[in-house]
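Undergrad: Contents of query_12.cif (mmCIF, C-alpha atoms):
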data_run
#
loop_
_atom_site.label_atom_id
_atom_site.label_comp_id
_atom_site.auth_asym_id
_atom_site.auth_seq_id
_atom_site.Cartn_x
_atom_site.Cartn_y
_atom_site.Cartn_z
CA MET S 1 -31.24 -5.94 15.68
CA PRO S 2 -33.41 -2.99 16.73
CA SER S 3 -33.97 -0.29 14.12
CA PRO S 4 -33.05 3.30 15.05
CA LEU S 5 -35.93 4.69 13.00
CA SER S 6 -36.98 6.35 16.23
CA PRO S 7 -33.67 8.13 16.93
CA PRO S 8 -32.03 7.21 20.24
CA GLU S 9 -31.71 9.94 22.81
CA PRO S 10 -28.17 11.41 22.84
CA GLY S 11 -27.76 10.87 26.58
CA PRO S 12 -26.72 7.18 26.45
CA PHE S 13 -23.97 8.01 23.96
CA TRP S 14 -22.28 10.09 26.65
CA ALA S 15 -23.49 9.33 30.16
CA GLY S 16 -23.89 5.64 29.36
CA ALA S 17 -20.88 5.18 27.10
CA ASP S 18 -17.40 3.79 27.73
CA VAL S 19 -14.17 5.09 26.25
CA VAL S 20 -12.52 2.19 24.43
CA LEU S 21 -9.42 4.12 23.39
CA ALA S 22 -8.20 7.67 23.92
CA PRO S 23 -5.52 9.33 21.76
CA GLU S 24 -2.01 9.16 23.14
CA ASP S 25 -1.49 12.72 21.92
CA ALA S 26 -4.23 15.27 22.63
CA ARG S 27 -3.20 17.81 19.98
CA PRO S 28 -5.63 18.59 17.13
CA GLY S 29 -5.40 15.93 14.45
CA ALA S 30 -4.00 13.27 16.80
CA TRP S 31 -6.93 10.91 17.07
CA VAL S 32 -7.99 7.30 17.51
CA GLY S 33 -11.15 6.04 15.85
CA GLY S 34 -12.65 4.83 12.59
CA PRO S 35 -13.94 1.60 14.21
CA SER S 36 -15.11 -1.52 12.37
CA ALA S 37 -16.53 -4.10 14.77
CA LEU S 38 -17.87 -7.64 14.78
CA LEU S 39 -18.86 -10.29 17.29
CA ASP S 40 -17.64 -13.77 16.39
CA ASP S 41 -18.45 -16.79 18.56
CA GLY S 42 -18.56 -14.70 21.74
CA THR S 43 -15.38 -12.72 21.00
CA TRP S 44 -15.43 -9.06 20.04
CA TRP S 45 -13.11 -7.91 17.28
CA LEU S 46 -12.41 -4.27 16.54
CA ALA S 47 -10.35 -2.72 13.75
CA TYR S 48 -9.50 0.98 14.05
CA ARG S 49 -7.21 3.74 12.81
CA LEU S 50 -4.44 5.61 14.66
CA ARG S 51 -3.85 9.17 13.47
CA LEU S 52 -1.27 11.91 14.03
CA PRO S 53 -1.48 15.54 12.81
CA VAL S 54 -0.97 16.32 9.13
CA GLY S 55 2.77 16.51 8.49
CA GLU S 56 3.55 14.14 11.36
CA GLY S 57 2.17 10.88 10.02
CA ARG S 58 -1.59 11.36 9.55
CA GLY S 59 -3.25 7.93 9.58
CA HIS S 60 -0.11 6.00 10.45
CA ALA S 61 -1.56 2.58 11.36
CA ASN S 62 -4.56 0.25 11.40
CA VAL S 63 -4.97 -2.03 14.42
CA VAL S 64 -7.08 -5.16 14.98
CA ALA S 65 -7.87 -5.96 18.63
CA ARG S 66 -9.94 -8.50 20.58
CA SER S 67 -12.14 -8.32 23.67
CA THR S 68 -14.38 -10.50 25.78
CA ASP S 69 -16.73 -7.69 26.82
CA GLY S 70 -16.70 -5.21 23.94
CA VAL S 71 -15.05 -2.51 26.07
CA ALA S 72 -11.51 -3.56 27.05
CA PHE S 73 -9.58 -4.50 23.91
CA THR S 74 -6.14 -6.07 23.48
CA PRO S 75 -4.27 -5.32 20.22
CA VAL S 76 -3.49 -8.40 18.12
CA VAL S 77 -2.16 -6.91 14.86
CA GLU S 78 -0.83 -3.44 14.02
CA LEU S 79 -0.28 -2.57 10.37
CA GLY S 80 1.72 0.54 9.52
CA LYS S 81 1.14 2.68 6.44
CA ALA S 82 4.58 1.78 5.01
CA ARG S 83 3.28 -1.76 4.54
CA PHE S 84 0.98 -0.40 1.84
CA GLY S 85 3.27 2.28 0.43
CA ALA S 86 0.66 4.79 1.58
CA GLU S 87 0.92 8.37 2.78
CA SER S 88 -1.97 7.78 5.17
CA LEU S 89 -4.48 5.09 6.18
CA GLU S 90 -8.13 5.66 6.98
CA ARG S 91 -10.86 3.54 8.52
CA PRO S 92 -10.39 -0.22 7.92
CA ALA S 93 -13.22 -2.70 7.34
CA LEU S 94 -12.94 -6.03 9.18
CA VAL S 95 -14.87 -8.99 7.73
CA ARG S 96 -15.27 -12.70 8.52
CA THR S 97 -16.20 -14.62 5.38
CA PRO S 98 -18.86 -17.38 5.33
CA ASP S 99 -16.06 -19.98 5.10
CA GLY S 100 -14.31 -18.57 8.18
CA ARG S 101 -11.47 -16.55 6.67
CA TRP S 102 -10.54 -13.06 7.87
CA ARG S 103 -10.34 -10.02 5.65
CA LEU S 104 -9.21 -6.47 6.31
CA TYR S 105 -9.98 -3.83 3.70
CA VAL S 106 -7.56 -0.92 4.10
CA SER S 107 -8.00 2.62 2.73
CA CYS S 108 -4.65 3.88 1.38
CA ALA S 109 -3.66 7.41 0.31
CA THR S 110 -1.38 7.61 -2.72
CA PRO S 111 1.68 9.71 -1.72
CA GLY S 112 1.78 13.24 -3.08
CA THR S 113 -1.79 13.14 -4.43
CA LYS S 114 -5.42 13.40 -3.33
CA HIS S 115 -6.04 9.87 -4.62
CA TRP S 116 -7.17 6.95 -2.42
CA ARG S 117 -7.54 3.24 -3.12
CA VAL S 118 -8.61 0.19 -1.09
CA ASP S 119 -6.29 -2.80 -0.53
CA LEU S 120 -7.29 -6.20 0.86
CA LEU S 121 -5.48 -8.47 3.33
CA GLU S 122 -6.78 -12.01 3.79
CA ALA S 123 -5.71 -14.82 6.13
CA ALA S 124 -6.99 -17.89 7.97
CA THR S 125 -6.54 -16.11 11.33
CA VAL S 126 -6.47 -12.53 12.54
CA GLU S 127 -2.81 -13.00 13.45
CA GLY S 128 -2.16 -14.09 9.88
CA LEU S 129 -3.17 -10.65 8.59
CA ALA S 130 0.21 -9.42 9.81
CA SER S 131 2.02 -11.33 7.05
CA ALA S 132 -0.66 -11.35 4.33
CA THR S 133 0.19 -9.70 1.01
CA PRO S 134 -1.93 -6.65 0.16
CA ARG S 135 -3.82 -6.63 -3.13
CA THR S 136 -5.73 -3.69 -4.54
CA VAL S 137 -9.46 -4.38 -4.94
CA LEU S 138 -10.76 -0.81 -5.42
CA PRO S 139 -8.14 1.11 -7.38
CA GLY S 140 -10.05 4.36 -7.83
CA SER S 141 -9.01 6.35 -10.91
CA ALA S 142 -7.41 9.56 -12.10
CA THR S 143 -10.75 11.30 -11.52
CA ALA S 144 -12.01 9.62 -8.32
CA ALA S 145 -10.63 8.63 -4.92
CA VAL S 146 -12.23 5.60 -3.22
CA LYS S 147 -12.03 4.89 0.52
CA ASP S 148 -13.78 3.89 3.76
CA PRO S 149 -15.71 0.82 2.54
CA VAL S 150 -18.57 -0.75 4.49
CA ILE S 151 -18.90 -4.42 3.52
CA ARG S 152 -21.75 -6.87 4.14
CA HIS S 153 -22.73 -10.35 2.89
CA ASP S 154 -26.45 -10.95 2.39
CA GLY S 155 -26.21 -14.75 2.27
CA ASP S 156 -25.93 -14.74 -1.52
CA ARG S 157 -23.50 -12.01 -2.58
CA TRP S 158 -21.27 -9.28 -1.19
CA HIS S 159 -22.26 -5.62 -0.97
CA LEU S 160 -19.91 -2.68 -0.56
CA TRP S 161 -20.58 0.99 0.05
CA ALA S 162 -17.60 3.33 -0.31
CA SER S 163 -17.08 7.08 -0.17
CA VAL S 164 -16.05 8.38 -3.59
CA HIS S 165 -14.36 11.77 -3.91
CA PRO S 166 -14.17 13.60 -7.26
CA LEU S 167 -10.68 14.84 -8.07
CA ASP S 168 -11.57 17.37 -10.78
CA ASP S 169 -11.00 20.30 -8.40
CA PRO S 170 -7.83 19.87 -6.29
CA ASP S 171 -9.17 22.36 -3.74
CA ALA S 172 -12.47 20.50 -3.25
CA THR S 173 -11.55 16.83 -2.95
CA ASP S 174 -13.38 16.59 0.38
CA ARG S 175 -16.69 16.38 -1.54
CA MET S 176 -18.08 12.86 -1.43
CA THR S 177 -20.97 10.58 -2.28
CA THR S 178 -21.57 7.00 -1.19
CA GLU S 179 -21.45 4.53 -4.08
CA HIS S 180 -22.71 0.93 -4.02
CA ALA S 181 -20.94 -2.11 -5.49
CA THR S 182 -21.61 -5.85 -5.48
CA SER S 183 -19.39 -8.91 -5.83
CA PRO S 184 -19.66 -12.71 -5.93
CA ASP S 185 -16.45 -13.13 -3.93
CA GLY S 186 -15.73 -9.84 -2.10
CA VAL S 187 -12.68 -9.26 -4.30
CA ALA S 188 -13.89 -8.32 -7.80
CA TRP S 189 -16.46 -5.53 -7.53
CA THR S 190 -19.06 -4.11 -9.94
CA TRP S 191 -20.33 -0.60 -9.27
CA GLN S 192 -24.13 -0.34 -9.13
CA GLY S 193 -24.66 3.40 -8.68
CA THR S 194 -25.04 6.09 -6.06
CA ALA S 195 -26.54 4.93 -2.77
CA LEU S 196 -26.72 8.39 -1.17
CA ALA S 197 -25.64 11.94 -1.96
CA GLY S 198 -25.87 15.08 0.12
CA THR S 199 -28.97 17.28 0.11
CA PRO S 200 -28.32 20.79 -1.26
CA GLY S 201 -28.62 23.42 1.44
CA ALA S 202 -28.81 20.80 4.23
CA TRP S 203 -26.47 19.77 7.04
CA ASP S 204 -24.97 17.05 4.78
CA ALA S 205 -24.74 19.10 1.55
CA ARG S 206 -20.96 18.85 1.13
CA GLY S 207 -20.79 15.08 1.33
CA VAL S 208 -22.04 11.81 2.79
CA ARG S 209 -20.12 8.68 3.75
CA PHE S 210 -21.76 5.44 4.92
CA ALA S 211 -20.46 4.22 8.28
CA ALA S 212 -22.68 1.15 8.85
CA VAL S 213 -25.37 -0.75 6.97
CA VAL S 214 -27.89 -3.15 8.54
CA LEU S 215 -29.44 -5.47 5.94
CA ASP S 216 -33.00 -6.21 7.00
CA GLY S 217 -35.06 -6.49 3.81
CA PRO S 218 -37.54 -3.61 3.57
CA ARG S 219 -36.23 -2.29 6.90
CA THR S 220 -32.61 -1.99 5.73
CA TRP S 221 -30.98 1.14 7.15
CA ALA S 222 -27.63 2.89 7.27
CA LEU S 223 -25.69 5.29 9.45
CA TYR S 224 -23.74 7.90 7.54
CA ASP S 225 -21.31 10.74 8.14
CA GLY S 226 -22.34 14.12 6.74
CA ARG S 227 -20.93 17.61 6.52
CA ALA S 228 -22.27 20.89 5.17
CA THR S 229 -18.99 22.62 4.34
CA ALA S 230 -15.32 21.93 3.68
CA GLU S 231 -14.54 23.43 7.08
CA GLU S 232 -16.44 20.56 8.73
CA ASN S 233 -14.05 17.99 7.23
CA PHE S 234 -12.91 15.60 10.00
CA GLU S 235 -15.84 16.70 12.21
CA GLU S 236 -18.75 15.00 10.46
CA ARG S 237 -21.91 14.17 12.38
CA THR S 238 -23.98 10.98 12.07
CA GLY S 239 -27.14 10.77 10.02
CA LEU S 240 -29.69 8.04 9.36
CA ALA S 241 -30.87 6.73 5.98
CA THR S 242 -33.36 4.02 5.03
CA GLY S 243 -32.93 1.59 2.14
CA THR S 244 -35.20 1.45 -0.89
CA PRO S 245 -36.00 -1.54 -3.14
CA ASP S 246 -33.78 -0.23 -5.95
CA GLY S 247 -30.70 -0.23 -3.69
CA SER S 248 -30.59 3.50 -3.06
CA PHE S 249 -31.08 5.14 0.32
CA THR S 250 -33.09 8.10 1.54
CA ALA S 251 -31.94 10.37 4.37
CA VAL S 252 -34.27 10.53 7.36
CA GLY S 253 -35.03 13.86 9.05
CA ASP S 254 -33.61 17.32 8.43
CA GLY S 255 -30.62 17.07 10.76
CA PRO S 256 -28.09 14.67 12.29
CA LEU S 257 -29.15 11.66 14.30
CA LEU S 258 -26.13 11.92 16.61
CA GLN S 259 -23.40 14.42 17.41
CA SER S 260 -20.91 15.08 20.17
CA PRO S 261 -21.91 17.64 22.81
CA HIS S 262 -18.41 19.14 22.47
CA PRO S 263 -17.68 21.66 19.70
CA PRO S 264 -17.29 21.21 16.79
CA HIS S 265 -19.59 18.25 17.57
CA GLY S 266 -18.00 15.50 15.49
CA LEU S 267 -19.43 11.99 15.87
CA ARG S 268 -18.49 9.77 12.95
CA TYR S 269 -17.65 6.27 11.69
CA ALA S 270 -20.43 4.77 13.84
CA ASP S 271 -20.71 0.98 13.62
CA VAL S 272 -23.46 -1.09 15.21
CA VAL S 273 -23.44 -4.81 16.05
CA GLY S 274 -26.61 -6.67 16.98
CA LEU S 275 -26.47 -8.98 20.01
CA PRO S 276 -27.82 -12.56 20.05
CA GLY S 277 -30.11 -11.84 22.98
CA GLY S 278 -31.35 -8.52 21.60
CA GLY S 279 -30.05 -4.99 21.72
CA ALA S 280 -26.92 -3.72 20.04
CA ARG S 281 -23.47 -2.38 20.82
CA TRP S 282 -22.46 0.81 19.03
CA PHE S 283 -18.88 1.98 18.39
CA TYR S 284 -18.01 5.46 17.15
CA GLU S 285 -15.35 8.15 16.97
CA ALA S 286 -16.28 11.37 18.77
CA THR S 287 -14.93 14.82 19.59
CA ARG S 288 -13.85 15.34 23.20
CA ALA S 289 -13.96 18.55 25.25
CA ASP S 290 -10.33 19.29 24.33
CA GLY S 291 -10.99 18.84 20.61
CA GLY S 292 -9.34 15.42 20.38
CA HIS S 293 -11.12 12.36 19.01
CA GLU S 294 -11.60 9.17 21.03
CA LEU S 295 -13.17 5.79 20.31
CA ARG S 296 -16.30 5.14 22.37
CA THR S 297 -18.87 2.37 22.78
CA VAL S 298 -22.38 2.17 24.20
CA LEU S 299 -24.66 -0.81 24.80
CA LEU S 300 -28.31 -0.11 23.91
CA PRO S 301 -31.12 -2.47 24.91
CA GLY S 302 -33.49 -3.96 22.35
#
Could I get this structure in the form of structure tokens?
TA:
Amino acid sequence: MPSPLSPPEPGPFWAGADVVLAPEDARPGAWVGGPSALLDDGTWWLAYRLRLPVGEGRGHANVVARSTDGVAFTPVVELGKARFGAESLERPALVRTPDGRWRLYVSCATPGTKHWRVDLLEAATVEGLASATPRTVLPGSATAAVKDPVIRHDGDRWHLWASVHPLDDPDATDRMTTEHATSPDGVAWTWQGTALAGTPGAWDARGVRFAAVVLDGPRTWALYDGRATAEENFEERTGLATGTPDGSFTAVGDGPLLQSPHPPHGLRYADVVGLPGGGARWFYEATRADGGHELRTVLLPG
């Protein structure tokens, strides 16, 4: 997969991009996005989140869909928040295990609180996720909310990067760092430490959340969502970070890698999938001219 260490020009992410899904409701807070993508034996799979305004359902469902071209997707499974006893759902993480099983990691908000946890569904087929029993694999705690995992297998063990939100101040739970965990089986996780935190006084000072990680030895890199203030919550822009030998990451540059041309310029939850013949397909959630969020994709050559 090509490295974005020389940032791509923003033009292809708009003039050259396709809209995969637009929100059914264009009001503020009614969005579609939070994509998690993979290419499996020539078939594209995409998990994403459906959202309504606060007070009307928030993140009311996660969907898994398939496609032959990476642009036109057909829903296969829709999972409502009631299935998890959650007040809201956030971005899911779709994974195919080395032995061919399917996993969906679901971020679940605990009703009446600022707490989040991550539940896991597992099945032999994508369709089987519809009847799988959820089990909590990242419970969070009374002092920390855990959500939005990015999960990779390096051929030996599992890695997870999740956004962790301190709950000590109920008026500032949007603050976040990205924490790293490892696992022998993708179920029982051991926290390893902070992968990336915001830079004081910078565009990402309020919080950072990994959106994608590409494991490539010394050229490992990540895309992350960043915001400077609480007011930028839900409108994060995309930054770039490079991996270091100790497992931490370092932000690249003094500003975002990517942002929407439409105020307030949100471009978040970017995922990138390398193609067998070279190049990569990117998926991301972005702010439209009317303020809504849509799910977009762009194919970039190698």
Undergrad: Suppose you want the space between atom CA of Glu24 of chain S and atom CA of Ala109 of chain S; what is it in Å?
TA: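 The value is 23.0 Å.
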Undergrad: Could you tell me how far atom CA of Leu299 of chain S sits from atom CA of His159 of chain S, in Å to one decimal place?
TA: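 Result for atom CA of His159 of chain S versus atom CA of Leu299 of chain S: 26.3 Å, one decimal.
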Undergrad: Pick out the residues sitting within 8 Å of Lys81 of chain S, and hand them over as a PyMOL selection string; count all atoms listed in the file, and ignore anything fewer than 3 positions along from it in its own chain.
TA: chain S and resi 59-62+84-89+108
Undergrad: Would you kindly translate the PyMOL selection byres ((chain S and resi 164) around 12) into the concrete residues it picks from this file, as a PyMOL selection string?
TA: chain S and resi 107+114-118+138-141+143-149+161-163+165-167+173-181+191+193-197+207-210
Undergrad: Contacts of Trp189 of chain S at 9 Å or less, counting all atoms listed in the file, minus same-chain residues fewer than 3 places along, as a list in words?
TA: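 Within the cut-off, the hits are Val137, Leu138, Trp158, His159, Leu160, Ala181, Thr182, Ser183, Pro184, Asp185 and Gly186 of chain S.
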Undergrad: Between atom CA of Leu267 of chain S and atom CA of Tyr284 of chain S, measure the distance and give it in Å to one decimal.
TA: 6.8 Å
Undergrad: Out of S:Leu240, S:Ala172, S:Leu275, S:Ala72, which residue has the shortest atom-to-atom distance to Trp221 of chain S when counting all atoms listed in the file?
TA: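 Looking at the shortest contact to Trp221 of chain S, the residue is S:Leu240.
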Undergrad: Using only C-alpha atoms for the distances, tell me which of S:Ile151, S:Val76, S:Leu52, S:Ala15 is nearest to Val32 of chain S.
TA: S:Leu52
Undergrad: I need the residue nearest Ala230 of chain S from this list: S:Asp216, S:Ala82, S:Asp204, S:Ala65. Use all atoms listed in the file for the distance.
TA: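 Among the listed residues, S:Asp204 lies closest to Ala230 of chain S.
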Undergrad: Which residue out of S:Arg227, S:Arg237, S:Arg219, S:Arg58 has the minimum interatomic distance to Ser260 of chain S when only C-alpha atoms are used?
TA: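 Using only C-alpha atoms, Ser260 of chain S sits closest to S:Arg237.
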Undergrad: Pick out the residues sitting within 12 Å of Pro53 of chain S, and hand them over as a short mmCIF file (atom, residue, chain, number, x, y, z; two decimals) with C-alpha atoms, in the coordinates of the input; count all atoms listed in the file, and ignore anything fewer than 3 positions along from it in its own chain.
TA:
data_model
loop_
_atom_site.label_atom_id
_atom_site.label_comp_id
_atom_site.auth_asym_id
_atom_site.auth_seq_id
_atom_site.Cartn_x
_atom_site.Cartn_y
_atom_site.Cartn_z
CA PRO S 23 -5.52 9.33 21.76
CA ASP S 25 -1.49 12.72 21.92
CA ALA S 26 -4.23 15.27 22.63
CA ARG S 27 -3.20 17.81 19.98
CA PRO S 28 -5.63 18.59 17.13
CA GLY S 29 -5.40 15.93 14.45
CA ALA S 30 -4.00 13.27 16.80
CA TRP S 31 -6.93 10.91 17.07
CA VAL S 32 -7.99 7.30 17.51
CA LEU S 50 -4.44 5.61 14.66
CA GLU S 56 3.55 14.14 11.36
CA GLY S 57 2.17 10.88 10.02
CA ARG S 58 -1.59 11.36 9.55
CA GLY S 59 -3.25 7.93 9.58
CA HIS S 60 -0.11 6.00 10.45
CA SER S 88 -1.97 7.78 5.17
CA PHE S 234 -12.91 15.60 10.00
CA GLY S 292 -9.34 15.42 20.38
CA HIS S 293 -11.12 12.36 19.01
#
Undergrad: What's around Gly266 of chain S at 6 Å? Count all atoms listed in the file, leave out sequence neighbours fewer than 2 positions away in its own chain, and write the answer as a ChimeraX atom specification.
TA: /S:235-237,259-260,264,286-287
Undergrad: Have segment 215-238 of chain S completed to N, CA and C atoms, please, and pass it along as a compact mmCIF listing (two decimals), in the frame of the given file.
TA:
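Output below, filename out.txt:
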# COMPACT_ATOMS: atom_id res chain seq x y z
N LEU S 215 -28.59 -4.87 6.97
CA LEU S 215 -29.44 -5.47 5.94
C LEU S 215 -30.62 -6.17 6.60
N ASP S 216 -31.81 -5.66 6.36
CA ASP S 216 -33.00 -6.21 7.00
C ASP S 216 -34.19 -6.09 6.05
N GLY S 217 -33.97 -6.53 4.78
CA GLY S 217 -35.06 -6.49 3.81
C GLY S 217 -35.62 -5.09 3.65
N PRO S 218 -36.93 -4.94 3.75
CA PRO S 218 -37.54 -3.61 3.57
C PRO S 218 -37.21 -2.65 4.70
N ARG S 219 -36.61 -3.16 5.79
CA ARG S 219 -36.23 -2.29 6.90
C ARG S 219 -34.71 -2.06 6.94
N THR S 220 -34.05 -2.27 5.81
CA THR S 220 -32.61 -1.99 5.73
C THR S 220 -32.36 -0.51 6.02
N TRP S 221 -31.31 -0.24 6.80
CA TRP S 221 -30.98 1.14 7.15
C TRP S 221 -29.47 1.33 7.25
N ALA S 222 -29.05 2.56 7.23
CA ALA S 222 -27.63 2.89 7.27
C ALA S 222 -27.39 4.09 8.17
N LEU S 223 -26.22 4.10 8.78
CA LEU S 223 -25.69 5.29 9.45
C LEU S 223 -24.68 5.92 8.51
N TYR S 224 -24.69 7.24 8.43
CA TYR S 224 -23.74 7.90 7.54
C TYR S 224 -23.17 9.17 8.16
N ASP S 225 -21.97 9.51 7.73
CA ASP S 225 -21.31 10.74 8.14
C ASP S 225 -21.66 11.83 7.14
N GLY S 226 -22.01 13.02 7.63
CA GLY S 226 -22.34 14.12 6.74
C GLY S 226 -21.69 15.41 7.18
N ARG S 227 -21.45 16.27 6.21
CA ARG S 227 -20.93 17.61 6.52
C ARG S 227 -21.52 18.61 5.53
N ALA S 228 -21.67 19.84 5.98
CA ALA S 228 -22.27 20.89 5.17
C ALA S 228 -21.24 21.68 4.39
N THR S 229 -20.02 21.78 4.93
CA THR S 229 -18.99 22.62 4.34
C THR S 229 -17.64 21.92 4.40
N ALA S 230 -16.68 22.46 3.63
CA ALA S 230 -15.32 21.93 3.68
C ALA S 230 -14.70 22.11 5.05
N GLU S 231 -15.10 23.16 5.75
CA GLU S 231 -14.54 23.43 7.08
C GLU S 231 -14.95 22.37 8.09
N GLU S 232 -16.01 21.62 7.82
CA GLU S 232 -16.44 20.56 8.73
C GLU S 232 -15.75 19.23 8.44
N ASN S 233 -14.82 19.21 7.49
CA ASN S 233 -14.05 17.99 7.23
C ASN S 233 -13.37 17.54 8.51
N PHE S 234 -13.42 16.26 8.80
CA PHE S 234 -12.91 15.60 10.00
C PHE S 234 -13.84 15.74 11.20
N GLU S 235 -14.91 16.51 11.09
CA GLU S 235 -15.84 16.70 12.21
C GLU S 235 -17.27 16.39 11.78
N GLU S 236 -17.42 15.39 10.93
CA GLU S 236 -18.75 15.00 10.46
C GLU S 236 -19.63 14.54 11.62
N ARG S 237 -20.92 14.69 11.44
CA ARG S 237 -21.91 14.17 12.38
C ARG S 237 -22.65 12.99 11.73
N THR S 238 -23.37 12.22 12.54
CA THR S 238 -23.98 10.98 12.07
C THR S 238 -25.43 11.17 11.70
